[in-house]
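Asker: Below is one structure. I have some questions about it.
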Amino acid sequence: MLAVAAKTLDRGADVVVILAGTRLSLWRQTFGRLQAQLDVGADSVAKQRRRILAPAPGVIAGEGSSIPLSTLYRLQPAQVRRAVAGGQPLIVVAMKQTDHLRALGQSLRESVFPAIERRGRAAHMIVLDDEADDGSILDARIENSLNPVFGHLKQVPRAIADLWAPRVSAAPRDLFTTYVGYTATPQANFLQEDQNPLFPRDFVVSLRTPFDSGAIEPRSSTYFEPGGLRNYYTGGTAYYERGRAAEICVPVGTNPADDLADAVRAFLVAGAIRLLRVGDRLGPMAARTHSFESRDEALRLSPEPHSMLIHPSASVDDHFSTAARVLRWAGIESDEEAAELIESGRAYLPASLASKVDEEESEWVTWVDRYRKSAVELQRAFTTPVPAMVPEWAEVKYVLQREIIPSTRVAVVNSDAAADDRPEYEPTPSQEGWLAARDLCTIFVSGNVMARGLTLEGLTTTLFLRTSDQPLADSQMQMQRWFGYRGSYFELCRLFASSSQLRFFAKYHDVDEGMRQIIASEMTGESAAPSPNVLQGAGFLATGKIANLGNQPLCQGSKPLIRIVNSGEQEDPNTFVVAELFAKNPSRDVYAGGTLRGRMLEEPLPLAQAADLLDSLRFDGYVPGYDSWQGVLWDEVQARVEEQGALAYSEPLYRPPEPSAGRAPDPARKDCPYTLGAYLRLWDACLTRRVRGLFPTDDPSLPWSAVDLSLRRSRRPRFWVGIRYGGESAVSRGPMSDLTFEVPAAGRHVAGGQLGGPWGSQDPSAGPDGYRGDDYMDYYFRGEPVVGIDVAGHTWRPAGSDGQILFYVNQPTGQKHPTIITGVCIPIGGPDQFAAAFSAPAPLRA
């Protein structure tokens with residue numbers, strides 16, 4: 001974000017506005033980063049002349065939060081006039097809160113806009129929105145039910161847009177503004193309706209991260225970094241996939257006290273190992289008591305920050321009680337003393353913990369062994385030249401007791417007044433010189449404040465105890481602060497969480513990667529911004545910022561019935577399809593319960609041929625063409641499939657018929673018959689690919705990228721194809737009458753080209769000598785016992801079973817030509833995705 005700000009300034013931008021989150025801590029952190037990385041150098045007259053920076057440096061970090069906002073963002077008109085006339089930019093770091101935005105907007109209208117109009121030539125403003133899914137989202141479905149007279153509408157997005165398109169007055173004619181939103185979790189940005197002025201209309205860019213694979217063309221979510229693991233971004237792939245054998249993720253047990261103690265030991269031992277790897281720096285204890293001659297010397301000689309995060313819950317009270325439990329375990333004698341230490345900001349681990357290392361040595365030394373094993377496993381996973389160095393226990397113990405334990409502070413960071421404001425990683429001046437940064441070795445206990453961009457430098461160990469009854473992918477992805485550039489010490493990183501939470505994190509990562517692949521595939525340079533389908537899971541929603549979200553799966557269920565039926569006024573082209581199939585292939589009668597039920601091909605069709613058969617069906621009243629929401633949906637799915645290897649054919653997965661010249665395409669249906677063929681092709685392709693964002697229907701808790709593909713291939717279904725006889729007279733005209741066997745027609749009622757009823761014969765209680773139903777006709781043909789399993793109230797064929805395609809030849813009294821009705825039985829175990837889709841709100845109850 002700061003790099004984009006720098007490049008726009010290089011190209012002559014007049015105004016750069018950075019919206020630095022909705023929290024005071026993030027606002028201050030972003031301002032500090034801007035000063036360190038963009039507005040570099042000591043404050044001087046020359047620096048003041050080359051730009052205007054608002055608020056004034058030092059105000060945000062000090063007591064300036066009590067200054068009136070009108071003063072905080074006030075710009076002197078004469079200074080602004082000189083700056084605009086002389087091409088000096090204005091840089092503003094604003095908090096994303098309504099009152100702050102209104103104060104900034106007023107200052108722009110009073111001081112900046114008049115100067116731009118007076119200059120009389122084009123001016124350019126760029127607005128960079130950090131954490132753009134926090135506060136900047138409009139849920140149109142909620143807002144449409146609100147009365148704007150009473151001011152219930154969300155104001156932050158409108159206040160942002162007012163910066164360049166104010167509703168209270170006109171913006172300068174020569175002002176051109178670009179708005180860029182940054183977020184790691186864009187689900188809500190895509191799902192919101194476009195009445196939000198901040199909706200992504202013009203471009204969407206997925207930023208790449210350095211890893212050991214990836215390409216620029218075609219674009220992928222990562223790019224190849226030749227520097228190796230130490231320069232990689234360690235995200236979900238590293239934590240949940242490649243790092244699995246290294247045991248980077250540790251499931252917690254049933255005793256919270258033991259888990260807390262084990263995680264803290266892991267953190268402290270890791271700190272000693274990190275310190276032993278650098279021989280030219282002081283330890284954190286020595287640095288705390290040292291006076292440095294300059295800021296640069298303090299940075300050069302102090303150790304790199306080493307941090308732990310404990311995330312117990314969203315409750316502020318839990319944060320303080322958890323911090324107290326850490327101190328009590330370490331040797332602080334009472335809760336009262338622990339509380340006083342935490343509130344004072346001087347809650348250092350007591351010296352008694354160093355003695356505890358001697359008493360419980362076996363529980364500490366095991367972490368040296370575990371880190372050494374992790375180093376070996378990561379060398380294998382990432383093919384590094386040698387495993388990372390892990391010293392012997394004697395060296396680790398010496399540094400642990402003298403440098404790490406006595407310098408480790410326990411801090412609470414949240415919204416409570418008694419908590420620390422934010423981590424401090426900058427040296428501070430004193431009367432004697434410069435002091436080392438406060439948080440060189442710190443255990444942070446926190447909650448939601450960590451879920452919005454607040455950075456913990458050197459985060460090595462995380463104890464994540466939080467649970468959620470309704471997991472939301474974007475919120476919990478934001479909580480994963482352990483991602484980052486941690487390759488140089490990745491073998492020392494640990495994430496402690498419950499097994500169920502670790503599975504959720506792995507699924508969040510998988511659907512996130514799937515969405516990134518979608519965006520990357522659509523970044524073609526065209527004018528329209530990608531608008532991808534947002535993926536979620538069977539057990540979690542993409543976001544809680546948009547109301548009435550449900551799931552839109554790819555699979556239409558265990559036994560979808562194609563309800564579209566031709567009229568019978570002309571010959572049904574589908575009768576030719578069925579007749580030709582049975583004319584060319586051997587078939588036999590099917591008897592069940594002492595009655596002739598129909599006819600079935602002697603050999604089943606493989607997945608791809610079954611898909612081709614379903615795609616060959618044609619309907620007078622349904623010709624959707626490819627350019628529909630179904631086409632977009634399947635394009636995205638295919639892009640993720642092809643990320644794992646090109647398909648063996650040039651045609652797409654989804655193959656609907658195109659309308660003839662002069663005919664408009666029909667609106668795509670949710671139960672589109674051609675998605676059945678696409679789904680079977682997808683299943684076939686996924687048997688050799690670990691496709692992101694998919695889950696097997698028999699185990700939605702497991703990403704398809706983690707399934708046993710050899711097992712899935714051994715359970716590859718085939719599809720038996722049959723004709724179900726009806727109770728009417730045999731078909732006497734058309735291609736079905738030319739077969740070597742008679743086909744008694746069904747007399748199903750069809751209205752408006754639509755079949756209203758369910759599948760044909762159904763008798764769930766039928767015994768061995770009866771007939772359970774048409775959806776099992778192939779079982780009776782093979783002479784096998786009928787098997788069905790109940791999943792969430794729906795009956796599926798078990799994994800490893802074959803499927804069925806059943807045709808009814810329908811000709812009720814008065815219908816001129818016979819028509820085809822088609823039902824499909826799909827076994828459980830295929831791939832599926834869950835795209836976020838709006839569902840109707842529940843009715844209000846009296």
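We label chains A, B, ... in the order they appear in the structure tokens, count residues from 1 in each chain, and number ligands from 1 in the order shown.
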Near stretch 121-127 of chain A, counting only C-alpha atoms, which residues have an atom at most 6 Å away, once you skip same-chain residues fewer than 6 positions from it, shown as number ranges by chain?

Answerer: A: 13-18, 174-179

Asker: Could the residues in this selection be saved with N, CA, C and O atoms as a short mmCIF file (atom, residue, chain, number, x, y, z; two decimals), in the first residue's frame?

Answerer:
```cif
data_model
loop_
_atom_site.label_atom_id
_atom_site.label_comp_id
_atom_site.auth_asym_id
_atom_site.auth_seq_id
_atom_site.Cartn_x
_atom_site.Cartn_y
_atom_site.Cartn_z
N ALA A 13 0.99 12.87 -7.96
CA ALA A 13 -0.28 12.96 -7.25
C ALA A 13 -0.28 14.18 -6.33
O ALA A 13 0.72 14.49 -5.68
N ASP A 14 -1.43 14.86 -6.29
CA ASP A 14 -1.54 16.06 -5.47
C ASP A 14 -1.96 15.74 -4.04
O ASP A 14 -1.53 16.41 -3.10
N VAL A 15 -2.83 14.75 -3.88
CA VAL A 15 -3.35 14.40 -2.56
C VAL A 15 -3.31 12.88 -2.42
O VAL A 15 -3.80 12.15 -3.29
N VAL A 16 -2.74 12.38 -1.33
CA VAL A 16 -2.77 10.95 -0.99
C VAL A 16 -3.44 10.83 0.38
O VAL A 16 -2.94 11.40 1.36
N VAL A 17 -4.55 10.11 0.42
CA VAL A 17 -5.27 9.88 1.67
C VAL A 17 -5.18 8.39 1.99
O VAL A 17 -5.56 7.55 1.18
N ILE A 18 -4.66 8.07 3.17
CA ILE A 18 -4.59 6.68 3.62
C ILE A 18 -5.59 6.51 4.76
O ILE A 18 -5.50 7.19 5.79
N ASP A 174 -11.77 19.85 -11.94
CA ASP A 174 -10.47 19.32 -12.36
C ASP A 174 -9.92 18.26 -11.41
O ASP A 174 -8.77 17.85 -11.56
N LEU A 175 -10.72 17.82 -10.43
CA LEU A 175 -10.23 16.81 -9.48
C LEU A 175 -10.57 15.41 -9.99
O LEU A 175 -11.72 15.09 -10.27
N PHE A 176 -9.55 14.58 -10.11
CA PHE A 176 -9.73 13.19 -10.53
C PHE A 176 -9.24 12.28 -9.40
O PHE A 176 -8.11 12.43 -8.93
N THR A 177 -10.10 11.36 -8.97
CA THR A 177 -9.80 10.56 -7.77
C THR A 177 -9.83 9.08 -8.10
O THR A 177 -10.70 8.60 -8.82
N THR A 178 -8.88 8.36 -7.54
CA THR A 178 -8.85 6.90 -7.60
C THR A 178 -8.95 6.35 -6.18
O THR A 178 -8.21 6.78 -5.29
N TYR A 179 -9.87 5.42 -6.00
CA TYR A 179 -10.04 4.76 -4.69
C TYR A 179 -9.53 3.32 -4.83
O TYR A 179 -9.91 2.59 -5.76
#
```

Asker: Set the distance at 10 Å and use only C-alpha atoms: which residues neighbour stretch 228-237 of chain A once local chain neighbours fewer than 6 positions away are removed? I'd like the list as a PyMOL selection string.

Answerer: chain A and resi 208-212+222+243-244+378-379+382-385+477+480-490+505-510+512-513

Asker: I'd like the neighbourhood of A:Lys545 as a short mmCIF file (atom, residue, chain, number, x, y, z; two decimals) with all heavy atoms, in the first residue's frame, where a residue qualifies if any of its atoms comes within 12 Å (using only C-alpha atoms), though same-chain residues fewer than 3 positions away should be ignored.

Answerer:
```
data_model
loop_
_atom_site.label_atom_id
_atom_site.label_comp_id
_atom_site.auth_asym_id
_atom_site.auth_seq_id
_atom_site.Cartn_x
_atom_site.Cartn_y
_atom_site.Cartn_z
N ASP A 133 -12.53 -4.25 3.97
CA ASP A 133 -13.78 -4.95 4.29
C ASP A 133 -14.24 -4.64 5.71
O ASP A 133 -15.23 -5.20 6.17
CB ASP A 133 -13.59 -6.46 4.13
CG ASP A 133 -12.62 -7.05 5.16
OD1 ASP A 133 -11.60 -6.41 5.43
OD2 ASP A 133 -12.90 -8.14 5.68
N ASP A 134 -13.53 -3.75 6.39
CA ASP A 134 -13.90 -3.36 7.75
C ASP A 134 -14.43 -1.94 7.74
O ASP A 134 -13.68 -0.98 7.57
CB ASP A 134 -12.67 -3.46 8.66
CG ASP A 134 -13.00 -3.20 10.13
OD1 ASP A 134 -14.18 -3.38 10.50
OD2 ASP A 134 -12.10 -2.82 10.88
N GLY A 135 -15.72 -1.78 7.88
CA GLY A 135 -16.34 -0.46 7.93
C GLY A 135 -16.74 0.10 6.59
O GLY A 135 -17.58 0.99 6.52
N SER A 136 -16.17 -0.43 5.49
CA SER A 136 -16.42 0.15 4.17
C SER A 136 -17.47 -0.62 3.37
O SER A 136 -17.62 -0.39 2.17
CB SER A 136 -15.11 0.19 3.37
OG SER A 136 -14.12 0.90 4.07
N ILE A 137 -18.16 -1.55 4.01
CA ILE A 137 -19.12 -2.42 3.33
C ILE A 137 -20.54 -1.92 3.55
O ILE A 137 -20.89 -1.48 4.64
CB ILE A 137 -19.00 -3.87 3.86
CG1 ILE A 137 -17.58 -4.39 3.63
CG2 ILE A 137 -20.02 -4.79 3.21
CD1 ILE A 137 -17.16 -4.46 2.19
N LEU A 138 -21.35 -2.00 2.50
CA LEU A 138 -22.79 -1.75 2.62
C LEU A 138 -23.54 -3.05 2.35
O LEU A 138 -23.29 -3.70 1.34
CB LEU A 138 -23.26 -0.71 1.60
CG LEU A 138 -23.03 0.76 1.91
CD1 LEU A 138 -23.65 1.61 0.82
CD2 LEU A 138 -23.63 1.14 3.25
N ASP A 139 -24.42 -3.42 3.23
CA ASP A 139 -25.31 -4.54 2.96
C ASP A 139 -26.62 -3.97 2.45
O ASP A 139 -27.48 -3.53 3.22
CB ASP A 139 -25.54 -5.36 4.24
CG ASP A 139 -26.32 -6.64 3.96
OD1 ASP A 139 -26.96 -6.72 2.90
OD2 ASP A 139 -26.28 -7.55 4.79
N ALA A 140 -26.77 -3.95 1.13
CA ALA A 140 -27.94 -3.32 0.52
C ALA A 140 -29.22 -4.02 0.94
O ALA A 140 -30.28 -3.40 1.02
CB ALA A 140 -27.81 -3.34 -1.00
N ARG A 141 -29.14 -5.30 1.22
CA ARG A 141 -30.35 -6.03 1.57
C ARG A 141 -30.90 -5.58 2.92
O ARG A 141 -32.10 -5.64 3.17
CB ARG A 141 -30.07 -7.54 1.57
CG ARG A 141 -29.78 -8.04 0.17
CD ARG A 141 -29.32 -9.48 0.15
NE ARG A 141 -29.12 -9.86 -1.24
CZ ARG A 141 -30.04 -10.42 -2.01
NH1 ARG A 141 -31.24 -10.65 -1.53
NH2 ARG A 141 -29.79 -10.72 -3.26
N ILE A 142 -30.02 -5.16 3.80
CA ILE A 142 -30.49 -4.59 5.06
C ILE A 142 -30.92 -3.15 4.86
O ILE A 142 -31.97 -2.72 5.31
CB ILE A 142 -29.38 -4.69 6.13
CG1 ILE A 142 -29.14 -6.15 6.53
CG2 ILE A 142 -29.74 -3.86 7.36
CD1 ILE A 142 -28.04 -6.33 7.54
N THR A 185 -9.19 -10.26 3.05
CA THR A 185 -10.44 -11.04 3.07
C THR A 185 -11.53 -10.24 2.34
O THR A 185 -12.32 -9.53 2.98
CB THR A 185 -10.86 -11.30 4.53
OG1 THR A 185 -10.84 -10.07 5.26
CG2 THR A 185 -9.91 -12.29 5.19
N PRO A 186 -11.59 -10.35 1.01
CA PRO A 186 -12.51 -9.50 0.23
C PRO A 186 -13.90 -10.07 0.04
O PRO A 186 -14.64 -9.59 -0.81
CB PRO A 186 -11.78 -9.41 -1.11
CG PRO A 186 -11.11 -10.74 -1.25
CD PRO A 186 -10.69 -11.13 0.14
N GLN A 187 -14.28 -11.10 0.82
CA GLN A 187 -15.56 -11.74 0.57
C GLN A 187 -16.72 -10.75 0.56
O GLN A 187 -17.56 -10.74 -0.36
CB GLN A 187 -15.81 -12.83 1.63
CG GLN A 187 -14.92 -14.05 1.48
CD GLN A 187 -13.64 -13.96 2.28
OE1 GLN A 187 -13.14 -12.87 2.56
NE2 GLN A 187 -13.07 -15.10 2.66
N ALA A 188 -16.81 -9.93 1.60
CA ALA A 188 -17.93 -9.00 1.70
C ALA A 188 -17.86 -7.93 0.62
O ALA A 188 -18.90 -7.47 0.13
CB ALA A 188 -17.95 -8.34 3.09
N ASN A 189 -16.64 -7.53 0.20
CA ASN A 189 -16.52 -6.53 -0.86
C ASN A 189 -17.15 -7.01 -2.15
O ASN A 189 -17.77 -6.24 -2.89
CB ASN A 189 -15.04 -6.21 -1.10
CG ASN A 189 -14.35 -5.66 0.13
OD1 ASN A 189 -13.99 -6.41 1.02
ND2 ASN A 189 -14.16 -4.36 0.20
N PHE A 190 -17.01 -8.31 -2.46
CA PHE A 190 -17.58 -8.86 -3.67
C PHE A 190 -19.08 -9.12 -3.51
O PHE A 190 -19.85 -9.00 -4.48
CB PHE A 190 -16.89 -10.16 -4.05
CG PHE A 190 -15.48 -9.99 -4.51
CD1 PHE A 190 -14.44 -10.71 -3.94
CD2 PHE A 190 -15.16 -9.09 -5.51
CE1 PHE A 190 -13.14 -10.55 -4.36
CE2 PHE A 190 -13.86 -8.91 -5.95
CZ PHE A 190 -12.85 -9.65 -5.36
N LEU A 191 -19.52 -9.50 -2.31
CA LEU A 191 -20.91 -9.90 -2.11
C LEU A 191 -21.84 -8.71 -1.96
O LEU A 191 -23.04 -8.84 -2.20
CB LEU A 191 -21.02 -10.81 -0.88
CG LEU A 191 -20.46 -12.22 -1.06
CD1 LEU A 191 -20.39 -12.94 0.28
CD2 LEU A 191 -21.31 -13.01 -2.04
N GLN A 192 -21.34 -7.56 -1.52
CA GLN A 192 -22.20 -6.40 -1.38
C GLN A 192 -22.75 -5.97 -2.74
O GLN A 192 -22.15 -6.24 -3.78
CB GLN A 192 -21.44 -5.25 -0.73
CG GLN A 192 -20.34 -4.68 -1.60
CD GLN A 192 -19.59 -3.55 -0.93
OE1 GLN A 192 -20.11 -2.88 -0.06
NE2 GLN A 192 -18.35 -3.34 -1.34
N LEU A 472 -17.09 -17.69 10.63
CA LEU A 472 -17.13 -16.82 9.46
C LEU A 472 -15.73 -16.77 8.87
O LEU A 472 -14.77 -16.43 9.56
CB LEU A 472 -17.60 -15.42 9.84
CG LEU A 472 -18.96 -15.35 10.54
CD1 LEU A 472 -19.21 -13.94 11.07
CD2 LEU A 472 -20.08 -15.77 9.58
N ALA A 473 -15.61 -17.11 7.59
CA ALA A 473 -14.29 -17.26 6.98
C ALA A 473 -13.48 -15.98 7.05
O ALA A 473 -12.29 -16.00 7.40
CB ALA A 473 -14.44 -17.73 5.54
N ASP A 474 -14.09 -14.83 6.71
CA ASP A 474 -13.29 -13.60 6.67
C ASP A 474 -12.80 -13.21 8.06
O ASP A 474 -11.65 -12.81 8.24
CB ASP A 474 -14.04 -12.47 5.98
CG ASP A 474 -15.38 -12.14 6.62
OD1 ASP A 474 -15.84 -12.89 7.50
OD2 ASP A 474 -15.99 -11.12 6.22
N SER A 475 -13.67 -13.32 9.07
CA SER A 475 -13.26 -12.94 10.43
C SER A 475 -12.14 -13.84 10.94
O SER A 475 -11.16 -13.37 11.53
CB SER A 475 -14.46 -13.01 11.38
OG SER A 475 -15.45 -12.07 11.00
N LEU A 541 -19.82 -19.82 6.91
CA LEU A 541 -20.18 -18.82 5.92
C LEU A 541 -18.96 -17.97 5.56
O LEU A 541 -18.00 -17.88 6.32
CB LEU A 541 -21.29 -17.91 6.47
CG LEU A 541 -22.64 -18.57 6.74
CD1 LEU A 541 -23.60 -17.55 7.34
CD2 LEU A 541 -23.23 -19.18 5.48
N ALA A 542 -19.04 -17.34 4.41
CA ALA A 542 -17.92 -16.51 3.95
C ALA A 542 -17.77 -15.27 4.81
O ALA A 542 -16.65 -14.82 5.08
CB ALA A 542 -18.14 -16.12 2.49
N ASN A 548 -28.40 -12.85 5.08
CA ASN A 548 -29.13 -13.90 4.35
C ASN A 548 -28.25 -14.65 3.35
O ASN A 548 -28.65 -14.90 2.21
CB ASN A 548 -30.35 -13.31 3.61
CG ASN A 548 -31.29 -12.60 4.54
OD1 ASN A 548 -31.50 -13.04 5.66
ND2 ASN A 548 -31.85 -11.49 4.09
N LEU A 549 -27.05 -15.01 3.79
CA LEU A 549 -26.19 -15.81 2.92
C LEU A 549 -26.51 -17.28 3.10
O LEU A 549 -26.68 -17.76 4.22
CB LEU A 549 -24.72 -15.57 3.24
CG LEU A 549 -24.06 -14.31 2.69
CD1 LEU A 549 -22.57 -14.38 2.94
CD2 LEU A 549 -24.34 -14.12 1.21
#
```

Asker: Could you tell me which of A:Trp329, A:Tyr779, A:Phe464, A:Phe199 comes closest to A:Arg265 if we count only C-alpha atoms?

Answerer: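 Comparing A:Trp329, A:Tyr779, A:Phe464, A:Phe199 against A:Arg265, the winner is A:Trp329.
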
Asker: So the first atom is atom CA of A:Ser107 and the second is atom CA of A:Leu19; what is the distance between them in Å, to one decimal place?

Answerer: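 Those two atoms sit 15.5 Å apart.
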
Asker: Report as a short mmCIF file (atom, residue, chain, number, x, y, z; two decimals) with N, CA, C and O atoms, in the first residue's frame: the residues of stretch 288-485 of chain A with a DSSP assignment of strand (DSSP E), based on the backbone of this structure.

Answerer:
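Okay, this is what ended up in out06.cif:
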```cif
data_model
loop_
_atom_site.label_atom_id
_atom_site.label_comp_id
_atom_site.auth_asym_id
_atom_site.auth_seq_id
_atom_site.Cartn_x
_atom_site.Cartn_y
_atom_site.Cartn_z
N HIS A 306 10.70 -10.93 19.50
CA HIS A 306 10.25 -12.32 19.64
C HIS A 306 8.90 -12.26 20.37
O HIS A 306 8.83 -11.76 21.49
N SER A 307 7.84 -12.74 19.72
CA SER A 307 6.48 -12.53 20.25
C SER A 307 5.68 -13.82 20.31
O SER A 307 5.87 -14.73 19.50
N MET A 308 4.78 -13.85 21.28
CA MET A 308 3.78 -14.91 21.41
C MET A 308 2.42 -14.26 21.51
O MET A 308 2.27 -13.18 22.10
N LEU A 309 1.42 -14.90 20.92
CA LEU A 309 0.04 -14.42 21.00
C LEU A 309 -0.82 -15.49 21.65
O LEU A 309 -0.81 -16.65 21.22
N ILE A 310 -1.55 -15.10 22.69
CA ILE A 310 -2.58 -15.96 23.27
C ILE A 310 -3.92 -15.30 22.99
O ILE A 310 -4.15 -14.15 23.36
N HIS A 311 -4.78 -16.03 22.30
CA HIS A 311 -6.10 -15.50 21.90
C HIS A 311 -7.16 -16.36 22.58
O HIS A 311 -7.61 -17.35 22.04
N ARG A 409 7.97 -10.16 28.91
CA ARG A 409 6.87 -9.39 29.51
C ARG A 409 5.54 -9.99 29.05
O ARG A 409 5.41 -10.46 27.92
N VAL A 410 4.55 -9.98 29.94
CA VAL A 410 3.19 -10.40 29.60
C VAL A 410 2.35 -9.13 29.47
O VAL A 410 2.33 -8.30 30.39
N ALA A 411 1.69 -8.96 28.33
CA ALA A 411 0.94 -7.73 28.06
C ALA A 411 -0.44 -8.06 27.52
O ALA A 411 -0.61 -9.01 26.75
N VAL A 412 -1.39 -7.27 27.92
CA VAL A 412 -2.76 -7.37 27.38
C VAL A 412 -2.97 -6.22 26.41
O VAL A 412 -2.72 -5.07 26.75
N VAL A 413 -3.40 -6.55 25.20
CA VAL A 413 -3.67 -5.53 24.18
C VAL A 413 -5.13 -5.67 23.77
O VAL A 413 -5.51 -6.63 23.10
N THR A 428 13.44 4.20 22.18
CA THR A 428 12.93 5.47 22.69
C THR A 428 14.08 6.29 23.28
O THR A 428 15.00 5.75 23.90
N PRO A 429 14.05 7.62 23.08
CA PRO A 429 15.12 8.47 23.65
C PRO A 429 14.94 8.63 25.15
O PRO A 429 13.84 8.56 25.69
N TRP A 434 19.65 6.37 24.25
CA TRP A 434 18.49 5.68 23.67
C TRP A 434 18.29 4.34 24.37
O TRP A 434 19.26 3.63 24.67
N LEU A 435 17.01 4.01 24.60
CA LEU A 435 16.66 2.74 25.23
C LEU A 435 16.15 1.78 24.16
O LEU A 435 15.54 2.19 23.16
N CYS A 441 10.73 -9.16 23.76
CA CYS A 441 10.32 -10.53 24.07
C CYS A 441 9.04 -10.44 24.90
O CYS A 441 9.10 -10.16 26.10
N THR A 442 7.90 -10.65 24.23
CA THR A 442 6.63 -10.35 24.88
C THR A 442 5.60 -11.43 24.57
O THR A 442 5.51 -11.92 23.44
N ILE A 443 4.82 -11.77 25.59
CA ILE A 443 3.64 -12.64 25.44
C ILE A 443 2.42 -11.72 25.43
O ILE A 443 2.09 -11.12 26.46
N PHE A 444 1.79 -11.58 24.29
CA PHE A 444 0.61 -10.72 24.16
C PHE A 444 -0.65 -11.57 24.34
O PHE A 444 -0.79 -12.64 23.72
N VAL A 445 -1.56 -11.08 25.16
CA VAL A 445 -2.88 -11.69 25.30
C VAL A 445 -3.87 -10.72 24.71
O VAL A 445 -3.92 -9.55 25.11
N SER A 446 -4.64 -11.17 23.74
CA SER A 446 -5.48 -10.23 23.01
C SER A 446 -6.67 -10.94 22.41
O SER A 446 -6.83 -12.16 22.52
N LEU A 459 6.36 -12.86 15.54
CA LEU A 459 5.39 -13.79 16.15
C LEU A 459 5.82 -15.22 15.85
O LEU A 459 5.89 -15.64 14.69
N THR A 460 6.10 -15.98 16.89
CA THR A 460 6.61 -17.34 16.75
C THR A 460 5.61 -18.37 17.26
O THR A 460 5.42 -19.42 16.64
N THR A 461 4.96 -18.08 18.37
CA THR A 461 4.08 -19.05 19.02
C THR A 461 2.69 -18.44 19.22
O THR A 461 2.58 -17.30 19.68
N THR A 462 1.66 -19.20 18.88
CA THR A 462 0.29 -18.74 19.07
C THR A 462 -0.50 -19.83 19.79
O THR A 462 -0.46 -21.00 19.40
N LEU A 463 -1.20 -19.43 20.83
CA LEU A 463 -2.14 -20.32 21.51
C LEU A 463 -3.53 -19.77 21.24
O LEU A 463 -3.93 -18.74 21.77
N PHE A 464 -4.26 -20.44 20.35
CA PHE A 464 -5.57 -19.95 19.90
C PHE A 464 -6.65 -20.79 20.57
O PHE A 464 -6.89 -21.95 20.20
#
```

Asker: Would you mind telling me which residue in A:Ile60, A:Leu101, A:Ile562, A:Leu653 lies nearest to A:Trp27 when using only C-alpha atoms?

Answerer: A:Ile60

Asker: Might you pull out every residue within 7 Å of A:Pro406, with only C-alpha atoms counted and same-chain residues fewer than 3 positions away left off, and present them as a list in words?

Answerer: Met285, Tyr348, Leu349, Pro350, Ala351, Arg402 and Glu403 of chain A

Asker: Need the shell around A:Cys686: protein/DNA/RNA residues with any atom at most 12 Å away, counting only C-alpha atoms. Skip same-chain ones fewer than 3 positions apart. Format as a ChimeraX atom specification?

Answerer: /A:607,637-638,640-647,653,679-683,689-696,704-710,712-713,716,829-832

Asker: Give me the residues within 12 Å of A:Arg102 as a PyMOL selection string, counting only C-alpha atoms and dropping any in the same chain fewer than 2 places off.

Answerer: chain A and resi 69-70+72-74+94-100+104-109+155-164+166-168

Asker: Near A:His749, within 10 Å and counting only C-alpha atoms, which residues show up once chain neighbours fewer than 2 positions away are dropped, as a list in words?

Answerer: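 Everything that qualifies: Ala746, Gly747, Ala751, Gln754, Leu755, Gly756, Gly757, Asn810, Gln811, Pro812 and Thr813 of chain A.
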
Asker: Give me, as a count of residues only, the residues of stretch 250-401 of chain A that a backbone DSSP run labels alpha helix (DSSP H).

Answerer: 95

Asker: Under the rule that only C-alpha atoms are counted, which of A:Pro764, A:Gly433, A:Gly253, A:Gly722 is the nearest residue to A:Ala298?

Answerer: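 Checking each of A:Pro764, A:Gly433, A:Gly253, A:Gly722 against A:Ala298, counting only C-alpha atoms, the winner is A:Gly433.
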
Asker: How many Å separate atom CA of A:Asp802 from atom CA of A:Tyr780?

Answerer: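 Interatomic distance here is 13.1 Å.
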
Asker: Using only C-alpha atoms, find the one residue out of A:Phe576, A:Phe224, A:Tyr649, A:Phe582 that sits nearest to A:Glu603.

Answerer: A:Phe582
